[in-house]
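See below for my_file-v8.cif, which holds mmCIF, C-alpha atoms.
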data_upload
loop_
_atom_site.label_atom_id
_atom_site.label_comp_id
_atom_site.auth_asym_id
_atom_site.auth_seq_id
_atom_site.Cartn_x
_atom_site.Cartn_y
_atom_site.Cartn_z
CA MET A 1 -19.27 14.81 -19.93
CA ASN A 2 -22.62 14.12 -18.36
CA PHE A 3 -23.04 12.95 -14.80
CA LEU A 4 -26.84 13.03 -14.80
CA PRO A 5 -27.43 9.43 -16.00
CA LEU A 6 -25.57 8.25 -12.90
CA TRP A 7 -28.04 9.83 -10.49
CA ARG A 8 -30.37 6.82 -10.91
CA TYR A 9 -27.72 4.59 -9.43
CA ARG A 10 -27.14 6.58 -6.24
CA ASP A 11 -28.65 3.82 -4.07
CA GLN A 12 -26.24 1.24 -5.49
CA LEU A 13 -23.34 3.63 -4.91
CA ILE A 14 -24.36 4.13 -1.29
CA ASP A 15 -24.78 0.38 -0.78
CA GLY A 16 -21.38 -0.25 -2.35
CA THR A 17 -19.80 2.36 -0.11
CA ILE A 18 -21.30 0.70 2.95
CA VAL A 19 -20.01 -2.72 1.90
CA THR A 20 -16.56 -1.22 1.30
CA LEU A 21 -16.58 0.30 4.79
CA GLU A 22 -17.77 -2.98 6.30
CA LEU A 23 -15.02 -4.90 4.54
CA THR A 24 -12.43 -2.36 5.68
CA VAL A 25 -13.53 -2.43 9.32
CA ILE A 26 -13.80 -6.23 9.47
CA ALA A 27 -10.38 -6.72 7.88
CA ALA A 28 -8.89 -4.04 10.14
CA CYS A 29 -10.28 -5.65 13.31
CA PHE A 30 -9.15 -9.17 12.45
CA GLY A 31 -5.87 -7.82 11.07
CA LEU A 32 -5.14 -6.01 14.32
CA LEU A 33 -6.01 -9.15 16.29
CA ILE A 34 -3.56 -11.12 14.15
CA GLY A 35 -1.06 -8.29 14.53
CA THR A 36 -1.29 -8.24 18.32
CA ALA A 37 -1.08 -12.02 18.61
CA GLY A 38 1.82 -12.10 16.16
CA ALA A 39 3.70 -9.32 17.96
CA VAL A 40 3.28 -11.14 21.27
CA ALA A 41 4.50 -14.37 19.65
CA LEU A 42 7.53 -12.55 18.18
CA LYS A 43 8.45 -11.27 21.64
CA GLY A 44 7.89 -14.70 23.16
CA ARG A 45 10.49 -17.32 23.94
CA VAL A 46 9.11 -20.17 21.82
CA LYS A 47 11.33 -20.42 18.77
CA PRO A 48 9.01 -22.36 16.39
CA THR A 49 6.18 -19.84 16.78
CA ARG A 50 8.59 -16.95 16.25
CA TRP A 51 9.82 -18.65 13.12
CA LEU A 52 6.23 -19.31 12.00
CA VAL A 53 5.20 -15.67 12.49
CA ARG A 54 8.30 -14.44 10.65
CA SER A 55 7.55 -16.62 7.62
CA TYR A 56 3.90 -15.50 7.69
CA ILE A 57 5.00 -11.86 7.60
CA GLU A 58 7.52 -12.32 4.81
CA LEU A 59 5.16 -14.49 2.76
CA PHE A 60 2.24 -12.06 2.92
CA ARG A 61 4.23 -8.87 2.56
CA ASN A 62 6.19 -10.05 -0.46
CA THR A 63 3.33 -11.34 -2.60
CA PRO A 64 0.55 -9.24 -4.19
CA SER A 65 -2.72 -8.90 -2.33
CA LEU A 66 -4.55 -9.80 -5.55
CA ILE A 67 -2.84 -13.20 -5.79
CA GLN A 68 -3.59 -13.87 -2.11
CA LEU A 69 -7.24 -13.09 -2.79
CA PHE A 70 -7.28 -15.44 -5.79
CA ILE A 71 -5.75 -18.20 -3.72
CA VAL A 72 -8.37 -17.78 -0.97
CA PHE A 73 -11.22 -17.58 -3.46
CA PHE A 74 -10.22 -20.04 -6.18
CA VAL A 75 -7.92 -22.49 -4.42
CA LEU A 76 -9.42 -23.04 -0.97
CA PRO A 77 -12.61 -24.57 -2.48
CA ASN A 78 -10.37 -27.45 -3.64
CA PHE A 79 -9.88 -28.23 0.03
CA GLY A 80 -13.58 -28.11 0.79
CA LEU A 81 -13.54 -24.54 2.09
CA LYS A 82 -15.80 -22.62 -0.25
CA LEU A 83 -16.15 -19.02 0.89
CA PRO A 84 -18.57 -16.51 -0.66
CA ALA A 85 -16.92 -13.50 -2.31
CA PHE A 86 -17.28 -11.06 0.59
CA GLU A 87 -16.01 -13.56 3.17
CA ALA A 88 -13.10 -14.60 0.94
CA ALA A 89 -12.12 -10.94 0.51
CA ALA A 90 -12.42 -10.37 4.25
CA VAL A 91 -10.16 -13.34 4.98
CA ALA A 92 -7.55 -12.38 2.37
CA LEU A 93 -7.46 -8.71 3.39
CA SER A 94 -7.32 -9.58 7.11
CA LEU A 95 -4.31 -11.79 6.52
CA TYR A 96 -2.63 -9.11 4.38
CA PHE A 97 -3.35 -6.33 6.88
CA GLY A 98 -2.35 -8.65 9.73
CA ALA A 99 1.13 -9.21 8.26
CA TYR A 100 1.75 -5.45 8.27
CA SER A 101 0.14 -5.02 11.70
CA VAL A 102 2.51 -7.50 13.35
CA GLU A 103 5.51 -5.42 12.34
CA ILE A 104 3.84 -2.13 13.27
CA ILE A 105 2.77 -3.33 16.71
CA ARG A 106 6.10 -5.03 17.36
CA SER A 107 8.02 -1.86 16.54
CA GLY A 108 5.58 0.10 18.72
CA LEU A 109 6.35 -2.19 21.65
CA ASP A 110 10.07 -2.10 20.91
CA SER A 111 10.05 1.70 20.90
CA VAL A 112 9.55 1.79 24.67
CA PRO A 113 12.97 1.77 26.35
CA ARG A 114 13.65 -1.23 28.58
CA SER A 115 14.65 1.07 31.40
CA GLN A 116 11.08 2.37 31.68
CA ILE A 117 9.74 -1.16 32.15
CA GLU A 118 12.44 -1.83 34.74
CA ALA A 119 11.56 1.42 36.49
CA GLY A 120 7.96 0.23 36.72
CA GLN A 121 9.05 -3.10 38.13
CA CYS A 122 11.20 -1.28 40.70
CA LEU A 123 8.12 0.60 41.84
CA GLY A 124 6.59 -2.78 42.65
CA LEU A 125 4.01 -2.78 39.84
CA SER A 126 2.72 -6.17 38.75
CA GLY A 127 3.29 -7.50 35.25
CA TRP A 128 -0.14 -6.39 34.07
CA GLN A 129 0.21 -2.97 35.66
CA VAL A 130 3.55 -2.44 33.94
CA PHE A 131 1.97 -3.51 30.65
CA PHE A 132 -1.13 -1.30 30.91
CA HIS A 133 0.33 1.79 32.53
CA ILE A 134 3.89 1.91 31.28
CA LEU A 135 4.35 -0.14 28.12
CA LEU A 136 1.01 0.28 26.36
CA PRO A 137 0.43 4.07 26.26
CA PRO A 138 3.70 5.10 24.57
CA ALA A 139 3.65 1.95 22.39
CA LEU A 140 0.17 2.88 21.16
CA ARG A 141 1.21 6.44 20.49
CA ASN A 142 4.27 5.35 18.51
CA ALA A 143 2.36 2.75 16.48
CA TYR A 144 -0.66 5.00 15.86
CA PRO A 145 0.53 6.90 12.73
CA ALA A 146 1.66 3.71 11.00
CA VAL A 147 -1.56 1.86 11.87
CA THR A 148 -3.76 4.66 10.59
CA SER A 149 -1.92 5.09 7.31
CA GLN A 150 -2.00 1.32 6.82
CA PHE A 151 -5.75 1.48 7.51
CA VAL A 152 -6.22 4.00 4.69
CA LEU A 153 -4.20 1.75 2.36
CA LEU A 154 -6.47 -1.12 3.41
CA LEU A 155 -9.55 0.97 2.63
CA LEU A 156 -8.21 1.64 -0.88
CA GLY A 157 -7.09 -1.98 -1.19
CA THR A 158 -10.62 -3.32 -0.65
CA SER A 159 -11.25 -2.31 -4.28
CA LEU A 160 -9.51 -5.58 -5.19
CA ALA A 161 -12.49 -7.47 -3.79
CA SER A 162 -14.36 -6.43 -6.95
CA GLN A 163 -12.23 -9.02 -8.78
CA VAL A 164 -14.02 -11.87 -7.00
CA ALA A 165 -17.35 -10.05 -7.42
CA ALA A 166 -17.89 -8.95 -3.84
CA ASP A 167 -20.56 -6.22 -3.90
CA GLU A 168 -18.31 -3.38 -2.79
CA LEU A 169 -17.93 0.05 -4.33
CA PHE A 170 -15.61 -0.85 -7.19
CA HIS A 171 -17.80 -3.73 -8.24
CA VAL A 172 -20.77 -1.37 -8.27
CA ALA A 173 -18.73 0.89 -10.55
CA GLY A 174 -18.33 -1.91 -13.06
CA PHE A 175 -22.05 -2.61 -12.89
CA ILE A 176 -23.03 1.03 -13.52
CA GLU A 177 -20.50 1.33 -16.32
CA SER A 178 -21.94 -1.73 -18.03
CA ARG A 179 -25.40 -0.16 -17.87
CA THR A 180 -24.57 3.41 -18.87
CA TYR A 181 -21.34 3.10 -20.90
CA ARG A 182 -20.21 6.30 -19.17
CA SER A 183 -16.82 5.04 -18.06
CA PHE A 184 -15.24 8.48 -17.59
CA GLU A 185 -17.99 9.76 -15.33
CA VAL A 186 -18.33 6.49 -13.42
CA TYR A 187 -14.65 6.16 -12.57
CA ALA A 188 -14.31 9.88 -11.83
CA ILE A 189 -17.17 9.56 -9.31
CA ILE A 190 -15.82 6.34 -7.82
CA CYS A 191 -12.35 7.85 -7.38
CA ALA A 192 -13.96 10.90 -5.76
CA VAL A 193 -15.90 8.70 -3.31
CA TYR A 194 -12.74 6.78 -2.36
CA PHE A 195 -10.87 10.05 -1.99
CA ALA A 196 -13.61 11.48 0.24
CA MET A 197 -13.53 8.36 2.42
CA ALA A 198 -9.72 8.36 2.62
CA MET A 199 -9.61 12.07 3.53
CA SER A 200 -12.38 11.70 6.12
CA PHE A 201 -10.49 8.90 7.81
CA LYS A 202 -7.20 10.82 7.68
CA ILE A 203 -8.83 13.85 9.30
CA LEU A 204 -10.66 11.70 11.85
CA PHE A 205 -7.45 9.88 12.77
CA ALA A 206 -5.54 13.16 13.06
CA VAL A 207 -8.17 14.59 15.42
CA VAL A 208 -8.42 11.40 17.50
CA GLY A 209 -4.63 11.15 17.64
CA ALA A 210 -4.27 14.76 18.75
CA LEU A 211 -6.85 14.23 21.49
CA ALA A 212 -5.73 10.80 22.67
CA PHE A 213 -1.98 11.33 22.68
CA ARG A 214 -1.60 14.86 23.98
CA TRP A 215 -0.57 13.75 27.47
CA PRO A 216 3.22 14.04 27.32
CA ARG A 217 3.22 17.71 26.46
CA ARG A 218 0.78 18.60 29.21
CA ARG A 219 3.08 17.76 32.04
CA MET B 1 -7.69 -30.80 -20.73
CA ARG B 2 -4.00 -30.64 -20.09
CA SER B 3 -2.16 -30.38 -16.84
CA PHE B 4 0.35 -27.90 -15.56
CA SER B 5 3.68 -28.65 -17.17
CA PHE B 6 7.09 -27.16 -17.60
CA ILE B 7 5.96 -25.06 -20.55
CA ASP B 8 3.41 -23.33 -18.30
CA PHE B 9 6.12 -22.54 -15.82
CA VAL B 10 8.19 -21.04 -18.62
CA SER B 11 5.27 -18.95 -19.83
CA LEU B 12 4.73 -17.59 -16.31
CA LEU B 13 8.39 -16.83 -15.93
CA SER B 14 8.50 -15.05 -19.29
CA ALA B 15 5.44 -12.99 -18.30
CA LEU B 16 7.58 -11.66 -15.48
CA ARG B 17 9.42 -9.54 -18.03
CA TRP B 18 6.26 -7.45 -18.54
CA THR B 19 6.05 -6.95 -14.80
CA VAL B 20 9.63 -5.71 -14.95
CA VAL B 21 8.82 -3.48 -17.94
CA LEU B 22 5.97 -1.90 -15.95
CA VAL B 23 8.22 -1.30 -12.96
CA VAL B 24 10.93 0.24 -15.13
CA LEU B 25 8.44 2.51 -16.94
CA ALA B 26 6.81 3.54 -13.66
CA LEU B 27 10.19 4.40 -12.17
CA GLY B 28 11.51 6.03 -15.34
CA PHE B 29 8.64 8.50 -15.53
CA GLY B 30 7.53 8.47 -11.90
CA ALA B 31 10.87 9.15 -10.25
CA PRO B 32 11.56 12.51 -11.98
CA LEU B 33 7.96 13.56 -11.37
CA GLY B 34 8.28 12.40 -7.76
CA LEU B 35 11.44 14.46 -7.36
CA GLY B 36 9.53 17.43 -8.74
CA LEU B 37 6.72 16.87 -6.22
CA ALA B 38 9.19 16.45 -3.35
CA THR B 39 11.02 19.67 -4.16
CA GLY B 40 7.68 21.38 -4.77
CA ARG B 41 6.60 20.40 -1.26
CA ILE B 42 9.60 22.17 0.29
CA SER B 43 9.59 25.07 -2.16
CA ARG B 44 9.61 28.65 -0.90
CA LEU B 45 6.70 29.47 -3.20
CA ALA B 46 3.49 28.75 -1.29
CA PRO B 47 1.30 27.93 -4.35
CA LEU B 48 3.87 25.38 -5.51
CA ARG B 49 3.75 23.76 -2.06
CA TRP B 50 -0.05 23.64 -2.13
CA ILE B 51 -0.25 22.19 -5.63
CA SER B 52 2.25 19.41 -4.95
CA ALA B 53 0.65 18.63 -1.58
CA ALA B 54 -2.79 18.44 -3.19
CA ALA B 55 -1.52 16.24 -6.04
CA ILE B 56 0.04 13.81 -3.58
CA GLN B 57 -3.06 13.73 -1.37
CA VAL B 58 -5.39 13.08 -4.32
CA ILE B 59 -3.31 10.28 -5.84
CA GLN B 60 -2.70 8.64 -2.45
CA GLY B 61 -6.41 8.94 -1.62
CA VAL B 62 -7.55 6.99 -4.67
CA PRO B 63 -7.15 3.23 -5.15
CA LEU B 64 -4.49 2.21 -7.67
CA LEU B 65 -7.23 0.17 -9.33
CA GLY B 66 -9.27 3.39 -9.66
CA LEU B 67 -6.34 5.16 -11.36
CA LEU B 68 -5.92 2.24 -13.77
CA PHE B 69 -9.61 2.10 -14.68
CA PHE B 70 -9.83 5.86 -14.99
CA PHE B 71 -6.94 6.09 -17.43
CA TYR B 72 -7.75 2.91 -19.35
CA PHE B 73 -11.57 3.10 -19.61
CA GLY B 74 -12.42 6.67 -18.62
CA MET B 75 -9.89 8.97 -20.22
CA PRO B 76 -10.04 7.59 -23.80
CA VAL B 77 -13.83 8.06 -23.85
CA PHE B 78 -13.47 11.59 -22.55
CA LEU B 79 -10.75 12.50 -25.04
CA GLY B 80 -12.37 10.52 -27.84
CA ILE B 81 -9.17 8.69 -28.71
CA GLN B 82 -7.94 5.12 -28.62
CA VAL B 83 -5.28 4.57 -25.98
CA PRO B 84 -3.13 1.43 -26.02
CA ALA B 85 -3.19 -0.49 -22.74
CA LEU B 86 0.52 0.06 -22.18
CA VAL B 87 0.13 3.86 -22.35
CA ALA B 88 -2.84 3.97 -19.97
CA VAL B 89 -1.12 1.64 -17.54
CA THR B 90 2.11 3.65 -17.72
CA VAL B 91 0.28 6.89 -16.95
CA ALA B 92 -1.48 5.34 -13.94
CA TYR B 93 1.68 3.77 -12.50
CA THR B 94 3.70 6.92 -13.16
CA LEU B 95 1.29 9.02 -11.08
CA TYR B 96 1.14 6.36 -8.37
CA THR B 97 4.94 6.13 -8.18
CA ALA B 98 5.42 9.90 -8.29
CA ALA B 99 3.02 10.46 -5.38
CA PHE B 100 4.60 7.86 -3.12
CA LEU B 101 8.22 8.66 -4.00
CA GLY B 102 7.42 12.37 -3.70
CA GLU B 103 6.18 11.86 -0.17
CA ILE B 104 9.11 9.60 0.79
CA TRP B 105 11.69 12.01 -0.62
CA ARG B 106 10.03 15.03 0.97
CA GLY B 107 10.40 13.21 4.28
CA GLY B 108 14.08 12.69 3.52
CA LEU B 109 14.60 16.33 2.54
CA GLU B 110 12.82 17.63 5.62
CA ALA B 111 14.79 15.32 7.89
CA VAL B 112 17.96 17.19 6.89
CA LYS B 113 18.41 20.04 9.33
CA GLN B 114 17.51 23.54 8.18
CA ALA B 115 20.96 24.67 9.29
CA GLN B 116 22.48 22.66 6.44
CA TRP B 117 20.68 24.85 3.89
CA GLU B 118 21.76 27.94 5.78
CA ALA B 119 25.37 26.75 5.97
CA GLY B 120 25.28 26.35 2.20
CA ALA B 121 23.84 29.83 1.80
CA CYS B 122 26.62 31.22 4.01
CA LEU B 123 29.15 29.67 1.66
CA GLY B 124 27.53 31.63 -1.15
CA LEU B 125 25.96 28.61 -2.84
CA SER B 126 22.77 29.09 -4.82
CA ARG B 127 19.59 27.31 -3.68
CA TRP B 128 20.16 24.70 -6.42
CA GLN B 129 23.78 24.18 -5.39
CA GLN B 130 22.72 23.78 -1.76
CA PHE B 131 20.28 21.10 -2.88
CA ARG B 132 22.65 19.40 -5.27
CA HIS B 133 25.75 19.29 -3.08
CA ILE B 134 24.62 19.53 0.54
CA VAL B 135 21.02 18.58 1.29
CA GLY B 136 20.31 16.22 -1.60
CA PRO B 137 23.04 13.67 -0.83
CA GLN B 138 22.08 13.54 2.85
CA ALA B 139 18.40 13.19 2.00
CA LEU B 140 19.22 10.43 -0.49
CA ARG B 141 20.98 8.48 2.23
CA LEU B 142 17.97 8.83 4.53
CA SER B 143 15.34 7.95 1.95
CA LEU B 144 17.05 5.09 0.14
CA PRO B 145 15.69 2.30 2.41
CA PRO B 146 12.01 3.42 2.14
CA THR B 147 12.49 3.96 -1.60
CA VAL B 148 13.57 0.35 -2.04
CA GLY B 149 10.68 -0.61 0.24
CA PHE B 150 8.30 1.19 -2.10
CA LEU B 151 9.79 -0.77 -4.98
CA VAL B 152 8.30 -3.89 -3.37
CA GLN B 153 4.90 -2.16 -3.26
CA LEU B 154 5.30 -1.25 -6.93
CA VAL B 155 6.20 -4.78 -8.03
CA LYS B 156 3.17 -6.11 -6.15
CA GLY B 157 1.05 -3.26 -7.51
CA THR B 158 1.82 -4.16 -11.13
CA SER B 159 -0.33 -7.26 -10.58
CA LEU B 160 -3.37 -4.96 -10.84
CA ALA B 161 -2.56 -4.30 -14.49
CA SER B 162 -3.82 -7.85 -15.07
CA ILE B 163 -7.34 -6.63 -14.29
CA ILE B 164 -7.51 -4.40 -17.34
CA GLY B 165 -6.14 -7.25 -19.45
CA PHE B 166 -2.47 -6.34 -19.55
CA VAL B 167 -0.61 -9.64 -19.76
CA GLU B 168 1.98 -9.59 -17.03
CA LEU B 169 2.69 -12.22 -14.39
CA ALA B 170 -0.69 -12.18 -12.62
CA ARG B 171 -2.62 -12.23 -15.91
CA ALA B 172 -0.47 -15.06 -17.24
CA GLY B 173 -1.35 -16.89 -14.04
CA GLN B 174 -5.07 -16.48 -14.74
CA VAL B 175 -4.60 -17.71 -18.29
CA VAL B 176 -2.62 -20.77 -17.24
CA SER B 177 -5.06 -21.47 -14.40
CA ALA B 178 -7.99 -21.38 -16.81
CA ALA B 179 -6.21 -23.64 -19.30
CA THR B 180 -5.06 -26.27 -16.84
CA PHE B 181 -7.85 -26.15 -14.22
CA GLN B 182 -5.11 -26.24 -11.61
CA PRO B 183 -5.48 -22.95 -9.74
CA LEU B 184 -3.67 -24.28 -6.68
CA LEU B 185 -0.45 -25.09 -8.47
CA THR B 186 -0.63 -22.11 -10.82
CA TYR B 187 -1.23 -19.45 -8.19
CA ALA B 188 1.32 -21.05 -5.90
CA VAL B 189 3.89 -20.73 -8.67
CA VAL B 190 2.81 -17.15 -9.43
CA ALA B 191 3.03 -16.24 -5.75
CA ALA B 192 6.44 -17.91 -5.55
CA ILE B 193 7.74 -15.90 -8.50
CA TYR B 194 6.52 -12.63 -6.93
CA PHE B 195 8.00 -13.72 -3.64
CA ALA B 196 11.35 -14.50 -5.26
CA THR B 197 11.28 -11.04 -6.87
CA CYS B 198 10.21 -9.06 -3.80
CA LEU B 199 12.09 -10.79 -0.99
CA PRO B 200 15.56 -9.72 -2.20
CA LEU B 201 14.28 -6.14 -2.43
CA THR B 202 12.85 -6.33 1.10
CA LEU B 203 16.10 -7.72 2.43
CA TRP B 204 18.08 -5.10 0.54
CA SER B 205 15.92 -2.34 2.00
CA ARG B 206 16.42 -3.77 5.48
CA SER B 207 20.19 -4.01 5.14
CA LEU B 208 20.33 -0.45 3.75
CA GLU B 209 18.35 0.68 6.77
CA ALA B 210 20.84 -0.98 9.08
CA ARG B 211 23.86 0.29 7.15
CA LEU B 212 22.77 3.87 6.42
CA ASP B 213 21.41 4.43 9.89
CA GLY B 214 19.82 7.86 9.78
CA SER B 215 20.50 8.63 13.43
CA ARG B 216 24.22 8.66 12.73
#

Taking this structure as input, can you express it in the form of structure tokens?
Amino acid sequence: MNFLPLWRYRDQLIDGTIVTLELTVIAACFGLLIGTAGAVALKGRVKPTRWLVRSYIELFRNTPSLIQLFIVFFVLPNFGLKLPAFEAAAVALSLYFGAYSVEIIRSGLDSVPRSQIEAGQCLGLSGWQVFFHILLPPALRNAYPAVTSQFVLLLLGTSLASQVAADELFHVAGFIESRTYRSFEVYAIICAVYFAMAMSFKILFAVVGALAFRWPRRR
Amino acid sequence: MRSFSFIDFVSLLSALRWTVVLVVLALGFGAPLGLGLATGRISRLAPLRWISAAAIQVIQGVPLLGLLFFFYFGMPVFLGIQVPALVAVTVAYTLYTAAFLGEIWRGGLEAVKQAQWEAGACLGLSRWQQFRHIVGPQALRLSLPPTVGFLVQLVKGTSLASIIGFVELARAGQVVSAATFQPLLTYAVVAAIYFATCLPLTLWSRSLEARLDGSR
């Protein structure tokens, strides 16, 4: 066991880590946008869109992320949409994360009892006021744990992007291994970096959650 | 060059059996280990609680792909032995399954009220008997839906074994795609086979959730 030969590649490791974080944040943002739009559509009255969102969810949650990535990267070019590796990974992961987000956000919204919304309406609040002051805060608090743990799974899932040669952390690992032949050390380090990132986010989310959602106990 | 034909479909379908083998192996080894982790997490011995909590955190904080590469490429070099792909893959999926099932089952065990343990103790049951006859069955009822839900994750997760060259459904898809130059059709069929495998599990999990309503 000798970790020293890897020290030369620290810059690549840092670059890979940054790309991994970028990919995670981009996919999370677009995924949450899809999730919000999808949840709104599921609550809406238009049947075809509800049906469309439902099939999107079932399709993306019941097939492997890897296959979805392959389809975006290898199949879409047949239709004239040739995406570079990073963009293809971002699209595939956004869609995957989005399918889970829809359900999480929908169940967050559903967790607020109808009577609270009616109570707000009785107080003469407008639709937007009811949404922002009554529906949103408890819905956010109830969805928060599921969103954050899904975010960590997304972070770990970005390692799949290495399979279409996006320059993220896991791809860097393969590169270093091919140069040094030190597979044990390389993958031990890579796993440690992912673990450090996952733990940092878990702690960050716990702190933010404790600060942002402490209101009910204060009253 | 040949085009995608019925024989390719058959070869994809028959590759599904290796996906199933992986799932069965992962469950066969992972479930007992997961049960050990779950009971370790609620043990009265503090060090046992810490060790199982740490094990779960570490495995859940590392990508499944990282586990696979570590046990397939890393470990054999470190130990200086040759490890067959199936063994490395089984070890990785066993740990993955154990960590997730351990956490799910711990949730189920903790959801059963403390008073149930105490009631068992009052009846003069040993700690094991309390678990076996009182708390365990109730926890099982609570954690069955998420366990089946995890099964879907596991089936999808076995597709990563393709990356280290293990020929299961996803790998067979790559092979067929390369041979026929028809990635669209091939990956659509592969996705459809996964979908046909996972959807029944998802629906089963959902109906269990409705039927075994925990709030009852």

What is the atom CA of Gly149 of chain B-atom CA of Gln163 of chain A distance in Å, reported with one decimal?
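These atoms are spaced 26.0 Å apart.
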
The PyMOL selection byres ((chain B and resi 156-164) around 9) on the file shown: which residues, as a VMD selection string?
(chain A and resid 62 to 67 160 163) or (chain B and resid 19 to 20 22 to 23 64 to 65 68 to 69 72 to 73 85 89 93 151 to 155 165 to 172 174 194 198)

Could you expand the PyMOL selection byres ((chain A and resi 105) around 10) into the explicit residues it covers here, written as a ChimeraX atom specification?
/A:32,35-40,100-104,106-111,139-140,142-144,146-147

Given the file shown, determine the residues that the PyMOL selection byres ((chain B and resi 6-8) around 12) selects; report them as a ChimeraX atom specification.
/B:2-5,9-15,169,172-180,182,185-187,189-190

Residues of chain A no more than 9 Å from chain B, counting all atoms listed in the file: send them over as a ChimeraX atom specification.
/A:1,58-68,70-71,74-76,78,152-153,155-160,163,170,182-188,190-199

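In this structure, atom CA of Gly127 of chain A sits 24.0 Å away from atom CA of Ala212 of chain A.
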
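Note that the spacing between atom CA of Phe151 of chain A and atom CA of Pro145 of chain B amounts to 22.1 Å.
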
Could you check which of B:Trp105, B:Phe100, B:Trp204, B:Trp117 is closest to Thr39 of chain B, using only C-alpha atoms?
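Going through B:Trp105, B:Phe100, B:Trp204, B:Trp117 one by one, the smallest distance to Thr39 of chain B is for B:Trp105.
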
Which is closest to Pro146 of chain B among B:Ser205, B:Gln82, B:Gln114, B:Ser43, if we use only C-alpha atoms?
B:Ser205

Using all atoms listed in the file: which of B:Ala99, B:Thr90, B:Phe150, B:Arg211 has the shortest distance to Gly36 of chain B:
B:Ala99

Once you count all atoms listed in the file, which residues end up no further than 10 Å from (-15.9, -7.6, -0.8) in the file's frame, shown as a VMD selection string?
chain A and resid 16 19 to 24 84 to 91 93 158 to 171

Near-Leu37 of chain B list (8 Å; only C-alpha atoms; drop same-chain fewer than 4 positions) as a PyMOL selection string:
chain B and resi 33+41+52-53+56+98-99+102-103

Rank B:Ala54, B:Ala31, B:Leu203, B:Leu86 by their smallest atom-to-atom distance to Trp18 of chain B, using all atoms listed in the file, and report the top residue only.
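Closest candidate: B:Leu86.
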
Please list as a list in words every residue within 8 Å of Ile117 of chain A, counting all atoms listed in the file and excluding residues in the same chain fewer than 5 positions away.
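The residues that qualify are Val130, Ile134 and Leu135 of chain A.
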